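Asker: This one is structure29.pdb, PDB, C-alpha atoms, pLDDT in the B column.
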```pdb
ATOM      1  CA  MET A   1      -8.042 -43.910 -42.261  1.00 59.00           C
ATOM      2  CA  LEU A   2      -4.775 -41.906 -42.017  1.00 59.00           C
ATOM      3  CA  ILE A   3      -6.724 -38.765 -41.315  1.00 64.00           C
ATOM      4  CA  ASP A   4      -8.365 -40.430 -38.313  1.00 61.00           C
ATOM      5  CA  ILE A   5      -4.952 -41.419 -36.919  1.00 61.00           C
ATOM      6  CA  ALA A   6      -3.508 -37.921 -37.442  1.00 58.00           C
ATOM      7  CA  TYR A   7      -6.568 -36.349 -35.825  1.00 58.00           C
ATOM      8  CA  ALA A   8      -6.282 -38.667 -32.837  1.00 57.00           C
ATOM      9  CA  MET A   9      -2.590 -37.811 -32.411  1.00 59.00           C
ATOM     10  CA  ALA A  10      -3.249 -34.076 -32.232  1.00 57.00           C
ATOM     11  CA  PRO A  11      -2.723 -32.359 -28.861  1.00 60.00           C
ATOM     12  CA  GLY A  12      -5.849 -32.721 -26.807  1.00 55.00           C
ATOM     13  CA  GLY A  13      -6.621 -36.128 -28.210  1.00 51.00           C
ATOM     14  CA  GLY A  14      -8.923 -34.885 -30.938  1.00 48.00           C
ATOM     15  CA  GLU A  15     -11.189 -32.885 -28.648  1.00 52.00           C
ATOM     16  CA  GLY A  16     -10.356 -29.672 -30.606  1.00 51.00           C
ATOM     17  CA  GLY A  17     -11.954 -26.252 -30.194  1.00 53.00           C
ATOM     18  CA  GLY A  18     -10.764 -23.304 -28.101  1.00 57.00           C
ATOM     19  CA  GLY A  19      -7.081 -23.794 -28.875  1.00 69.00           C
ATOM     20  CA  GLY A  20      -6.714 -20.564 -30.846  1.00 80.00           C
ATOM     21  CA  PHE A  21      -8.197 -18.200 -28.274  1.00 83.00           C
ATOM     22  CA  ALA A  22      -6.651 -20.010 -25.325  1.00 84.00           C
ATOM     23  CA  ALA A  23      -3.200 -19.285 -26.737  1.00 85.00           C
ATOM     24  CA  PHE A  24      -3.883 -15.526 -26.595  1.00 90.00           C
ATOM     25  CA  ILE A  25      -5.043 -15.440 -22.963  1.00 92.00           C
ATOM     26  CA  PRO A  26      -1.480 -15.230 -21.526  1.00 92.00           C
ATOM     27  CA  LEU A  27      -0.633 -12.406 -23.949  1.00 93.00           C
ATOM     28  CA  ILE A  28      -3.750 -10.492 -22.946  1.00 94.00           C
ATOM     29  CA  LEU A  29      -2.942 -10.940 -19.260  1.00 95.00           C
ATOM     30  CA  LEU A  30       0.653  -9.827 -19.826  1.00 94.00           C
ATOM     31  CA  PHE A  31      -0.488  -6.667 -21.615  1.00 94.00           C
ATOM     32  CA  ALA A  32      -2.955  -5.904 -18.793  1.00 94.00           C
ATOM     33  CA  ILE A  33      -0.193  -6.268 -16.198  1.00 95.00           C
ATOM     34  CA  PHE A  34       2.153  -3.990 -18.175  1.00 93.00           C
ATOM     35  CA  TYR A  35      -0.613  -1.421 -18.595  1.00 94.00           C
ATOM     36  CA  PHE A  36      -1.438  -1.184 -14.896  1.00 93.00           C
ATOM     37  CA  ILE A  37       2.150  -1.406 -13.634  1.00 95.00           C
ATOM     38  CA  LEU A  38       4.080   0.635 -16.236  1.00 93.00           C
ATOM     39  CA  ILE A  39       1.992   2.570 -18.745  1.00 94.00           C
ATOM     40  CA  ARG A  40      -0.802   4.006 -16.594  1.00 94.00           C
ATOM     41  CA  PRO A  41       1.426   5.405 -13.793  1.00 95.00           C
ATOM     42  CA  GLN A  42       3.748   6.972 -16.355  1.00 95.00           C
ATOM     43  CA  GLN A  43       0.826   8.697 -18.086  1.00 96.00           C
ATOM     44  CA  LYS A  44      -0.393   9.968 -14.711  1.00 96.00           C
ATOM     45  CA  ARG A  45       3.049  11.435 -13.866  1.00 94.00           C
ATOM     46  CA  ALA A  46       3.276  13.070 -17.301  1.00 95.00           C
ATOM     47  CA  LYS A  47      -0.148  14.662 -16.842  1.00 96.00           C
ATOM     48  CA  GLU A  48       0.829  16.025 -13.406  1.00 94.00           C
ATOM     49  CA  HIS A  49       4.096  17.417 -14.845  1.00 94.00           C
ATOM     50  CA  ARG A  50       2.193  19.182 -17.644  1.00 94.00           C
ATOM     51  CA  GLN A  51      -0.075  20.767 -15.012  1.00 94.00           C
ATOM     52  CA  VAL A  52       2.934  21.953 -12.982  1.00 92.00           C
ATOM     53  CA  LEU A  53       4.474  23.523 -16.100  1.00 93.00           C
ATOM     54  CA  ALA A  54       1.197  25.194 -17.037  1.00 93.00           C
ATOM     55  CA  ASN A  55       0.814  26.709 -13.553  1.00 93.00           C
ATOM     56  CA  LEU A  56       4.312  28.228 -13.263  1.00 93.00           C
ATOM     57  CA  ARG A  57       4.317  31.891 -12.263  1.00 94.00           C
ATOM     58  CA  LYS A  58       6.930  34.598 -11.882  1.00 95.00           C
ATOM     59  CA  GLY A  59       8.466  34.348  -8.405  1.00 93.00           C
ATOM     60  CA  ASP A  60       7.986  30.570  -8.029  1.00 94.00           C
ATOM     61  CA  LYS A  61      10.942  28.662  -6.652  1.00 96.00           C
ATOM     62  CA  VAL A  62      11.687  25.685  -8.899  1.00 96.00           C
ATOM     63  CA  ILE A  63      14.111  22.792  -9.320  1.00 95.00           C
ATOM     64  CA  THR A  64      15.494  21.939 -12.757  1.00 95.00           C
ATOM     65  CA  THR A  65      16.166  18.412 -13.959  1.00 94.00           C
ATOM     66  CA  GLY A  66      19.871  19.230 -13.617  1.00 94.00           C
ATOM     67  CA  GLY A  67      19.396  19.954  -9.916  1.00 94.00           C
ATOM     68  CA  LEU A  68      19.561  23.761  -9.956  1.00 94.00           C
ATOM     69  CA  TYR A  69      17.341  25.592  -7.492  1.00 95.00           C
ATOM     70  CA  GLY A  70      16.162  28.979  -8.663  1.00 95.00           C
ATOM     71  CA  THR A  71      13.467  31.625  -8.670  1.00 96.00           C
ATOM     72  CA  ILE A  72      11.601  32.474 -11.870  1.00 96.00           C
ATOM     73  CA  LEU A  73      12.337  36.047 -12.995  1.00 96.00           C
ATOM     74  CA  SER A  74      10.706  36.011 -16.427  1.00 95.00           C
ATOM     75  CA  MET A  75       8.961  33.564 -18.712  1.00 94.00           C
ATOM     76  CA  THR A  76       8.125  32.960 -22.349  1.00 93.00           C
ATOM     77  CA  ASP A  77       6.309  29.996 -23.872  1.00 91.00           C
ATOM     78  CA  THR A  78       9.481  27.897 -24.034  1.00 93.00           C
ATOM     79  CA  VAL A  79      12.164  29.613 -21.899  1.00 96.00           C
ATOM     80  CA  LEU A  80      12.348  30.596 -18.229  1.00 95.00           C
ATOM     81  CA  THR A  81      14.926  32.951 -16.745  1.00 97.00           C
ATOM     82  CA  LEU A  82      15.929  31.772 -13.281  1.00 97.00           C
ATOM     83  CA  GLU A  83      17.929  33.546 -10.632  1.00 96.00           C
ATOM     84  CA  ILE A  84      20.051  30.876  -8.967  1.00 95.00           C
ATOM     85  CA  ALA A  85      22.151  33.241  -6.788  1.00 95.00           C
ATOM     86  CA  ASP A  86      22.421  36.988  -6.244  1.00 95.00           C
ATOM     87  CA  LYS A  87      22.727  38.558  -9.706  1.00 94.00           C
ATOM     88  CA  VAL A  88      23.286  35.142 -11.364  1.00 96.00           C
ATOM     89  CA  LYS A  89      20.683  34.432 -14.017  1.00 97.00           C
ATOM     90  CA  VAL A  90      20.318  31.397 -16.271  1.00 97.00           C
ATOM     91  CA  LYS A  91      17.901  30.607 -19.056  1.00 97.00           C
ATOM     92  CA  VAL A  92      16.289  27.178 -18.941  1.00 96.00           C
ATOM     93  CA  GLY A  93      13.851  25.455 -21.261  1.00 95.00           C
ATOM     94  CA  ARG A  94      10.413  25.138 -19.717  1.00 93.00           C
ATOM     95  CA  ASN A  95      10.438  21.354 -20.164  1.00 93.00           C
ATOM     96  CA  TYR A  96      13.554  21.093 -17.971  1.00 95.00           C
ATOM     97  CA  ILE A  97      11.722  22.196 -14.846  1.00 95.00           C
ATOM     98  CA  ALA A  98      11.372  19.118 -12.647  1.00 94.00           C
ATOM     99  CA  SER A  99       9.182  20.502  -9.879  1.00 92.00           C
ATOM    100  CA  ILE A 100       8.338  23.433  -7.679  1.00 92.00           C
ATOM    101  CA  ALA A 101      10.757  23.683  -4.734  1.00 86.00           C
ATOM    102  CA  ARG A 102       9.365  23.070  -1.281  1.00 76.00           C
ATOM    103  CA  ALA A 103       9.687  25.770   1.339  1.00 63.00           C
ATOM    104  CA  GLU A 104      12.839  25.271   3.367  1.00 57.00           C
TER     105      GLU A 104
END
```
Kindly present the structure from the file in structure tokens form.

Answerer:
Amino acid sequence: MLIDIAYAMAPGGGEGGGGGFAAFIPLILLFAIFYFILIRPQQKRAKEHRQVLANLRKGDKVITTGGLYGTILSMTDTVLTLEIADKVKVKVGRNYIASIARAE
């Protein structure tokens, strides 16, 4: 008899079923929103940046993440030598190249 009363007092009035999965639907929707708004665009930008770094050539004009504009003089797998002014050379890690400079 007490079990019947407790069952009747449960949320949903004792209709039961579906409560476990229904609780996960908002979490699934939230993850889907985060994926399409945050994760996927970031992965796309990272892939494009990797392609830019792979296609760097001697003589390209580039912009570093620090804001320096320069021309590539020499390259190794991890380091680029940039000329940022007449006879002013700096060495920069390849990963610190932000983009290829547009023609001015």

Asker: With a distance cut-off of 10 Å and all atoms listed in the file, select the neighbouring residues of Leu56 in chain A, excluding the residue or stretch itself and same-chain residues fewer than 2 positions from it, and output the selection as a list in words.

Answerer: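 Once the adjacent positions are removed, what remains is Gln51, Val52, Leu53, Ala54, Lys58, Gly59, Asp60, Lys61, Val62, Ile72, Met75, Leu80, Arg94, Ile97, Ser99 and Ile100 of chain A.
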
Asker: So what do you get for CA of Gly66 in chain A versus CA of Ala98 in chain A, distance-wise?

Answerer: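 Spanning CA of Gly66 in chain A to CA of Ala98 in chain A is a straight-line distance of 8.6 Å.
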
Asker: Would you mind reading off the distance between CA of Val79 in chain A and CA of Lys91 in chain A, one decimal, in Å?

Answerer: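 Straight-line distance from CA of Val79 in chain A to CA of Lys91 in chain A works out to 6.5 Å.
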
Asker: Would you kindly translate the PyMOL selection byres ((chain A and resi 84) around 7) into the concrete residues it picks from this file, as a PyMOL selection string?

Answerer: chain A and resi 69-71+82-83+85+88-89
